[in-house]
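Trainee: Here you go, one structure.
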Amino acid sequence: MTTDVLSTDSIKSDSVLVALTHSNDVNDAVRLTPEVVKEIEKLEQYAVLSSHRMGEFRVG
Amino acid sequence: MLANTQIVPLGSDGDWANLAQILGASSQNQLVANLLDAARNKGCIYALLETPYIDRDFTASFMAFYASLFRPYKKLCKRLHFFACDLSQLFVSADPGEIAANLESSASDYLGYVVFRPLAHAPVSRALLSYEWFADDAAKEVSARATEQVHVLGASLELSGFPLTQQDTRVGACAQAAIWMAGRYFHLKHRAPWFSLSEITDNALRPTDAAITRSLPAGSDYLTSDNMVRALRAMGRHPVFYAPHETPQGYDWGIDPSAVIGQYVDSGIPVILGLNDGHSVGHAVVAVGSQRDETLDVATLAPESAQAVFASNFLVMDDQRGAYLRLPVEAGGSSDVPYNISDHLQFMIVPLPNKVFLTSEIAEAIARGFVNDVASKIGRFRSQLPAQKQANWPQEAEIYEPAKLKGLVARTYLTYGWKYKSRAIRNQTSDILKQEVIKRDFPKYVWVTEFSHPDETKPLDPCARTVRAHVVIDATGSRFWESTLLVDCPGVMVAWDFDPSATEDAARQSLFLVDHPNIYFPKIRGQHTFDVCLAAHSA
């Protein structure tokens, strides 16, 4: 028995058609588009705006 | 101390009238009347009444306030247990061990209990009512629920539900009651520290605002949402506060509040809702579940809908009205409370645990962004396959058609990283996904977004729903750096990894093009495996 089969590294699939490992800046990298980043920024902006004075709302 | 436990038959109108007499002035209270009505409607035919009962919660209130008053108050309470079975023979045996064993044999008919304070103006110290009995409609799901071992007569009875209390109007408001309910749930569910109502008020008033001292004792009339957040922080929670932005045109949430409530509640995190009905002081309730609308026409769904579109009501704990009550999303639906989300929601507070730095709506936006990016690159990925594999790749390719892609319903929830791993490797996901998941370490909390075709996620039975893609995001992440851990779509799986020994901090992504069917089960509440679904499918 080799060391390999004693670790999860030994678990390999023979059904992968193509396997690629690369950094996030290559063309094929799956990433968030600038539009999605803008959408997230907008959500964050709402979070800042909405806290204005709302903290004073009373419940009882 | 001698403590009497009395069998109370509740099979007739006369029996219920007798119980009201036993409870005295407390039975006139609206919440008590509602709880007794609910127990009766759910099939309660016998009760056990413990008198006296020493309640830790009321003892804390007694020490903090009532013991200091000139007028003498008693600290002894009563506890009433509801059963849907005949207990008339419980004390026939003189063998105490047999009595306890007989009571334990009635565990499946145990509906829950109510502890009564010796205060006519606020009689309910706390209650725990079985969600299985009190929210028994198949369309209802109590997502935030905890289990308590209840000890009575030497028997141990297991009870699952969400804790309920009633504001003691002399010293507190519904705000403290809502915080108590959330806090007690975390205590029962996750061993968080125990807090009494008086400790919650103390924490909410630290620091004390001038306006709140207008009521004496301070905090007895209302709390502001700032006070509530202070109390929750002091209780070890890391609350996130949502409120609309005031514009000249009115309130603008910038999000769909129902979608966000649905995401947190589906994560097993109760959401405190601040409701405004036009009075100077609003009301707080706790959302703990939802009711699905079976009749929803999926053809009418807006693009990029969240799972909450199927919720017609949220199930709330209302300290003035009762447990698991229906709070409609829109006006006009069947309702148990005089509010709805659309017209009355003023703010919501989500008592998150530590180490969650991404909110649910941002996690869902990131997840959808990645699935859309995979779709935009699917042609490029196809061109990298061997020529003979390109024609019919990937299976379920229709998901990448623009209309189908926009139509995918997202279900986003927070879960433990280990739980995600445990479920993923037992699901009907592809072998490659399971093999990559088992090799990886996940953070304490992850956001998971499951994507489904609308008609495939509509059924009431979760085992009848299917998922086509999912994304896993590090809950400690940020849009400023790579936070996505895994994307699984038909034909494409992407995983991101940091190399701890590398000098640069950027994650590398491993992209796998595979040829597996991508149809699997959604997360099933309370199940770590999918055996229940597999058994149902093979039956």
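Just remember, in the structure tokens the first chain shown is A, the second B, etc., residues are 1-based per chain, and ligands are 1-based in the order shown.
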Considering only C-alpha atoms, tabulate each residue of segment 248-330 of chain B that lies at most 12 Å from segment 162-185 of chain B along with its nearest interatomic pair and the corresponding distance in Å to one decimal; arrange the rows by chain and ascending residue number and present them as a Markdown table.

Mentor:
```
| residue | atom | partner | partner_atom | distance |
| --- | --- | --- | --- | --- |
| B:Val265 | CA | B:Ala182 | CA | 11.9 |
| B:Gly268 | CA | B:Tyr185 | CA | 10.2 |
| B:Ile269 | CA | B:Ala182 | CA | 8.6 |
| B:Pro270 | CA | B:Ala182 | CA | 6.4 |
| B:Val271 | CA | B:Ala182 | CA | 8.1 |
| B:Ile272 | CA | B:Ala178 | CA | 6.7 |
| B:Leu273 | CA | B:Ala178 | CA | 8.8 |
| B:Gly274 | CA | B:Ala175 | CA | 8.6 |
| B:Leu275 | CA | B:Ala175 | CA | 10.9 |
| B:Val281 | CA | B:Ala173 | CA | 10.5 |
| B:Gly282 | CA | B:Cys174 | CA | 9.3 |
| B:His283 | CA | B:Cys174 | CA | 6.6 |
| B:Ala284 | CA | B:Ala175 | CA | 5.7 |
| B:Val285 | CA | B:Ala178 | CA | 5.9 |
| B:Val286 | CA | B:Ala178 | CA | 6.0 |
| B:Ala287 | CA | B:Ala182 | CA | 9.6 |
| B:Val288 | CA | B:Phe162 | CA | 7.6 |
| B:Gly289 | CA | B:Phe162 | CA | 10.0 |
| B:Leu315 | CA | B:Phe162 | CA | 10.8 |
| B:Val316 | CA | B:Phe162 | CA | 9.7 |
| B:Met317 | CA | B:Leu164 | CA | 6.6 |
| B:Asp318 | CA | B:Leu164 | CA | 7.8 |
| B:Asp319 | CA | B:Gln166 | CA | 4.6 |
| B:Gln320 | CA | B:Gln166 | CA | 6.5 |
| B:Arg321 | CA | B:Gln166 | CA | 9.1 |
| B:Gly322 | CA | B:Leu164 | CA | 7.7 |
| B:Ala323 | CA | B:Leu164 | CA | 6.9 |
| B:Tyr324 | CA | B:Phe162 | CA | 8.5 |
| B:Leu325 | CA | B:Leu164 | CA | 11.8 |
```

Trainee: With DSSP run on the backbone, what are the alpha helix (DSSP H) residues within chain A? I'd like them as a PDB file with C-alpha atoms, in the first residue's frame.

Mentor:
```pdb
ATOM      1  CA  PRO A  34     -18.567  44.255 -12.877  1.00  0.00           C
ATOM      2  CA  GLU A  35     -22.387  44.451 -13.107  1.00  0.00           C
ATOM      3  CA  VAL A  36     -22.798  41.991 -10.228  1.00  0.00           C
ATOM      4  CA  VAL A  37     -20.179  43.830  -8.163  1.00  0.00           C
ATOM      5  CA  LYS A  38     -22.128  47.043  -8.796  1.00  0.00           C
ATOM      6  CA  GLU A  39     -25.339  45.331  -7.699  1.00  0.00           C
ATOM      7  CA  ILE A  40     -23.655  44.234  -4.462  1.00  0.00           C
ATOM      8  CA  GLU A  41     -22.324  47.751  -3.876  1.00  0.00           C
ATOM      9  CA  LYS A  42     -25.864  49.047  -4.282  1.00  0.00           C
ATOM     10  CA  LEU A  43     -27.159  46.583  -1.659  1.00  0.00           C
ATOM     11  CA  GLU A  44     -24.405  47.692   0.703  1.00  0.00           C
ATOM     12  CA  GLN A  45     -25.268  51.329   0.057  1.00  0.00           C
ATOM     13  CA  TYR A  46     -28.896  50.678   1.025  1.00  0.00           C
ATOM     14  CA  ALA A  47     -27.732  49.096   4.245  1.00  0.00           C
ATOM     15  CA  VAL A  48     -25.888  52.311   5.154  1.00  0.00           C
ATOM     16  CA  LEU A  49     -28.692  54.667   4.111  1.00  0.00           C
ATOM     17  CA  SER A  50     -31.453  52.719   5.837  1.00  0.00           C
TER      18      SER A  50
END
```

Trainee: From chain A, collect each residue whose DSSP state is strand (DSSP E) and return the set as JSON, numbers by chain.

Mentor: {"A": [16, 17, 18, 19, 20, 21, 22, 23, 58, 59]}

Trainee: Residues of chain A within 7 Å of chain B, using only C-alpha atoms, as number ranges by chain?

Mentor: A: 8, 11, 13, 15-24, 30-32, 36, 40, 43, 46-47, 49-51, 54-60

Trainee: Do you know which residues are at most 12 Å from Arg525 of chain B counting only C-alpha atoms, after dropping those on the same chain fewer than 4 positions away, and could you put them as number ranges by chain?

Mentor: B: 141-145, 265-268, 289, 413, 415, 419, 423, 461-463, 521, 529-530, 532-533

Trainee: Keeping only N, CA, C and O atoms, take the residues you just selected and write them out as a PDB file, in the first residue's frame.

Mentor:
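Result went into selection.pdb, see below:
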```pdb
ATOM      1  N   GLU B 141     -44.019  25.263   7.980  1.00  0.00           N
ATOM      2  CA  GLU B 141     -42.745  24.734   8.460  1.00  0.00           C
ATOM      3  C   GLU B 141     -42.180  25.677   9.510  1.00  0.00           C
ATOM      4  O   GLU B 141     -41.938  26.850   9.228  1.00  0.00           O
ATOM      5  N   VAL B 142     -42.006  25.155  10.732  1.00  0.00           N
ATOM      6  CA  VAL B 142     -41.328  25.919  11.771  1.00  0.00           C
ATOM      7  C   VAL B 142     -39.844  25.591  11.612  1.00  0.00           C
ATOM      8  O   VAL B 142     -39.389  24.511  11.979  1.00  0.00           O
ATOM      9  N   SER B 143     -39.110  26.530  11.034  1.00  0.00           N
ATOM     10  CA  SER B 143     -37.704  26.262  10.695  1.00  0.00           C
ATOM     11  C   SER B 143     -36.789  26.469  11.890  1.00  0.00           C
ATOM     12  O   SER B 143     -35.768  25.799  12.011  1.00  0.00           O
ATOM     13  N   ALA B 144     -37.132  27.445  12.738  1.00  0.00           N
ATOM     14  CA  ALA B 144     -36.326  27.677  13.937  1.00  0.00           C
ATOM     15  C   ALA B 144     -37.025  26.954  15.084  1.00  0.00           C
ATOM     16  O   ALA B 144     -38.073  27.382  15.553  1.00  0.00           O
ATOM     17  N   ARG B 145     -36.452  25.865  15.495  1.00  0.00           N
ATOM     18  CA  ARG B 145     -37.083  25.084  16.571  1.00  0.00           C
ATOM     19  C   ARG B 145     -35.989  24.416  17.393  1.00  0.00           C
ATOM     20  O   ARG B 145     -34.931  24.050  16.873  1.00  0.00           O
ATOM     21  N   VAL B 265     -34.848  32.763   8.194  1.00  0.00           N
ATOM     22  CA  VAL B 265     -35.692  31.796   8.894  1.00  0.00           C
ATOM     23  C   VAL B 265     -35.389  30.385   8.387  1.00  0.00           C
ATOM     24  O   VAL B 265     -35.307  29.431   9.165  1.00  0.00           O
ATOM     25  N   ASP B 266     -35.165  30.271   7.075  1.00  0.00           N
ATOM     26  CA  ASP B 266     -34.822  28.968   6.501  1.00  0.00           C
ATOM     27  C   ASP B 266     -33.469  28.475   7.028  1.00  0.00           C
ATOM     28  O   ASP B 266     -33.169  27.290   7.002  1.00  0.00           O
ATOM     29  N   SER B 267     -32.655  29.408   7.510  1.00  0.00           N
ATOM     30  CA  SER B 267     -31.360  29.052   8.098  1.00  0.00           C
ATOM     31  C   SER B 267     -31.503  28.645   9.564  1.00  0.00           C
ATOM     32  O   SER B 267     -30.500  28.378  10.233  1.00  0.00           O
ATOM     33  N   GLY B 268     -32.741  28.665  10.068  1.00  0.00           N
ATOM     34  CA  GLY B 268     -32.946  28.341  11.486  1.00  0.00           C
ATOM     35  C   GLY B 268     -32.630  29.524  12.386  1.00  0.00           C
ATOM     36  O   GLY B 268     -32.415  29.355  13.587  1.00  0.00           O
ATOM     37  N   GLY B 289     -40.864  30.667  11.099  1.00  0.00           N
ATOM     38  CA  GLY B 289     -41.184  29.687  10.055  1.00  0.00           C
ATOM     39  C   GLY B 289     -42.016  30.334   8.974  1.00  0.00           C
ATOM     40  O   GLY B 289     -42.187  31.567   8.944  1.00  0.00           O
ATOM     41  N   TYR B 413     -29.450  29.826   2.275  1.00  0.00           N
ATOM     42  CA  TYR B 413     -29.504  29.597   3.724  1.00  0.00           C
ATOM     43  C   TYR B 413     -28.100  29.490   4.286  1.00  0.00           C
ATOM     44  O   TYR B 413     -27.157  29.133   3.591  1.00  0.00           O
ATOM     45  N   THR B 415     -25.564  27.710   6.899  1.00  0.00           N
ATOM     46  CA  THR B 415     -25.450  26.421   7.583  1.00  0.00           C
ATOM     47  C   THR B 415     -24.009  26.244   8.042  1.00  0.00           C
ATOM     48  O   THR B 415     -23.110  26.992   7.641  1.00  0.00           O
ATOM     49  N   LYS B 419     -21.928  20.668   8.187  1.00  0.00           N
ATOM     50  CA  LYS B 419     -23.240  20.121   7.814  1.00  0.00           C
ATOM     51  C   LYS B 419     -23.393  20.119   6.296  1.00  0.00           C
ATOM     52  O   LYS B 419     -23.984  19.199   5.726  1.00  0.00           O
ATOM     53  N   ARG B 423     -24.105  16.733   4.172  1.00  0.00           N
ATOM     54  CA  ARG B 423     -25.252  16.544   3.270  1.00  0.00           C
ATOM     55  C   ARG B 423     -24.797  16.306   1.840  1.00  0.00           C
ATOM     56  O   ARG B 423     -25.331  15.444   1.138  1.00  0.00           O
ATOM     57  N   ASP B 461     -43.939  18.812  -0.319  1.00  0.00           N
ATOM     58  CA  ASP B 461     -43.039  17.764   0.172  1.00  0.00           C
ATOM     59  C   ASP B 461     -41.608  18.075  -0.283  1.00  0.00           C
ATOM     60  O   ASP B 461     -41.322  18.075  -1.476  1.00  0.00           O
ATOM     61  N   PRO B 462     -40.699  18.346   0.662  1.00  0.00           N
ATOM     62  CA  PRO B 462     -39.329  18.702   0.252  1.00  0.00           C
ATOM     63  C   PRO B 462     -38.636  17.594  -0.550  1.00  0.00           C
ATOM     64  O   PRO B 462     -37.771  17.876  -1.376  1.00  0.00           O
ATOM     65  N   CYS B 463     -39.032  16.339  -0.318  1.00  0.00           N
ATOM     66  CA  CYS B 463     -38.424  15.239  -1.067  1.00  0.00           C
ATOM     67  C   CYS B 463     -38.852  15.254  -2.534  1.00  0.00           C
ATOM     68  O   CYS B 463     -38.216  14.613  -3.374  1.00  0.00           O
ATOM     69  N   PHE B 521     -31.354  16.433  -4.283  1.00  0.00           N
ATOM     70  CA  PHE B 521     -32.334  16.876  -3.302  1.00  0.00           C
ATOM     71  C   PHE B 521     -31.904  18.202  -2.693  1.00  0.00           C
ATOM     72  O   PHE B 521     -30.713  18.472  -2.544  1.00  0.00           O
ATOM     73  N   THR B 529     -29.121  13.094   6.235  1.00  0.00           N
ATOM     74  CA  THR B 529     -29.028  12.203   5.080  1.00  0.00           C
ATOM     75  C   THR B 529     -30.313  12.377   4.259  1.00  0.00           C
ATOM     76  O   THR B 529     -31.187  13.156   4.626  1.00  0.00           O
ATOM     77  N   PHE B 530     -30.387  11.653   3.170  1.00  0.00           N
ATOM     78  CA  PHE B 530     -31.568  11.755   2.319  1.00  0.00           C
ATOM     79  C   PHE B 530     -32.312  10.423   2.278  1.00  0.00           C
ATOM     80  O   PHE B 530     -33.059  10.148   1.343  1.00  0.00           O
ATOM     81  N   VAL B 532     -34.800   9.409   3.973  1.00  0.00           N
ATOM     82  CA  VAL B 532     -36.263   9.560   3.977  1.00  0.00           C
ATOM     83  C   VAL B 532     -36.759   9.765   2.546  1.00  0.00           C
ATOM     84  O   VAL B 532     -37.751   9.162   2.122  1.00  0.00           O
ATOM     85  N   CYS B 533     -36.035  10.601   1.801  1.00  0.00           N
ATOM     86  CA  CYS B 533     -36.450  10.897   0.419  1.00  0.00           C
ATOM     87  C   CYS B 533     -36.248   9.672  -0.471  1.00  0.00           C
ATOM     88  O   CYS B 533     -37.102   9.360  -1.317  1.00  0.00           O
TER      89      CYS B 533
END
```

Trainee: Residues at most 6 Å from segment 200-203 of chain B, counting only C-alpha atoms, excluding those fewer than 3 positions away in the same chain, as a PyMOL selection string?

Mentor: chain B and resi 197+206+231

Trainee: May I have the residues from that selection written out with C-alpha atoms, as a PDB file, in the first residue's frame?

Mentor:
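To be explicit, this is the file written out as again_11.pdb:
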```
ATOM      1  CA  LEU B 197     -36.194  39.444  30.999  1.00  0.00           C
ATOM      2  CA  ARG B 206     -26.761  50.326  28.763  1.00  0.00           C
ATOM      3  CA  ALA B 231     -29.381  43.890  24.322  1.00  0.00           C
TER       4      ALA B 231
END
```

Trainee: Skipping near chain neighbours, those fewer than 6 positions away, what residues fall within 10 Å of Asp277 of chain B using only C-alpha atoms, listed as a list in words?

Mentor: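 My reading of the contact set: His283, Pro338, Tyr339, Asn340, Asp343, His344, Leu345 and Gln346 of chain B.
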
Trainee: Quick one: everything within 8 Å of Ile473 of chain B, counting only C-alpha atoms, minus sequence neighbours fewer than 3 positions away in the same chain. Send it as number ranges by chain.

Mentor: B: 363, 367, 446-448, 477, 483-486

Trainee: Using the selection just defined, write its residues with N, CA, C and O atoms as a short mmCIF file (atom, residue, chain, number, x, y, z; two decimals), in the first residue's frame.

Mentor:
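Result file is selection_31.cif:
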```cif
data_model
loop_
_atom_site.label_atom_id
_atom_site.label_comp_id
_atom_site.auth_asym_id
_atom_site.auth_seq_id
_atom_site.Cartn_x
_atom_site.Cartn_y
_atom_site.Cartn_z
N ALA B 363 -25.08 37.32 -0.31
CA ALA B 363 -24.66 35.95 -0.65
C ALA B 363 -25.44 35.45 -1.86
O ALA B 363 -24.87 34.82 -2.77
N ALA B 367 -24.02 34.38 -5.53
CA ALA B 367 -24.28 33.03 -6.06
C ALA B 367 -24.90 33.11 -7.45
O ALA B 367 -24.47 32.41 -8.38
N VAL B 446 -21.22 28.59 6.26
CA VAL B 446 -21.23 28.86 4.82
C VAL B 446 -22.65 29.27 4.40
O VAL B 446 -23.64 28.86 5.01
N TRP B 447 -22.70 30.11 3.40
CA TRP B 447 -23.98 30.39 2.73
C TRP B 447 -24.11 29.41 1.57
O TRP B 447 -23.17 29.29 0.76
N VAL B 448 -25.21 28.75 1.49
CA VAL B 448 -25.47 27.85 0.37
C VAL B 448 -26.68 28.41 -0.40
O VAL B 448 -27.68 28.78 0.21
N GLY B 477 -16.68 35.85 4.35
CA GLY B 477 -16.11 36.44 3.13
C GLY B 477 -16.53 37.87 2.90
O GLY B 477 -17.18 38.51 3.72
N SER B 483 -14.46 34.84 -2.09
CA SER B 483 -15.16 34.23 -0.95
C SER B 483 -15.94 32.99 -1.35
O SER B 483 -16.44 32.28 -0.49
N THR B 484 -16.06 32.78 -2.65
CA THR B 484 -16.83 31.62 -3.09
C THR B 484 -15.96 30.38 -2.98
O THR B 484 -14.78 30.40 -3.30
N LEU B 485 -16.57 29.33 -2.48
CA LEU B 485 -15.82 28.08 -2.25
C LEU B 485 -16.11 27.07 -3.34
O LEU B 485 -15.22 26.29 -3.71
N LEU B 486 -17.33 27.08 -3.84
CA LEU B 486 -17.71 26.02 -4.77
C LEU B 486 -18.92 26.44 -5.61
O LEU B 486 -19.84 27.06 -5.08
#
```
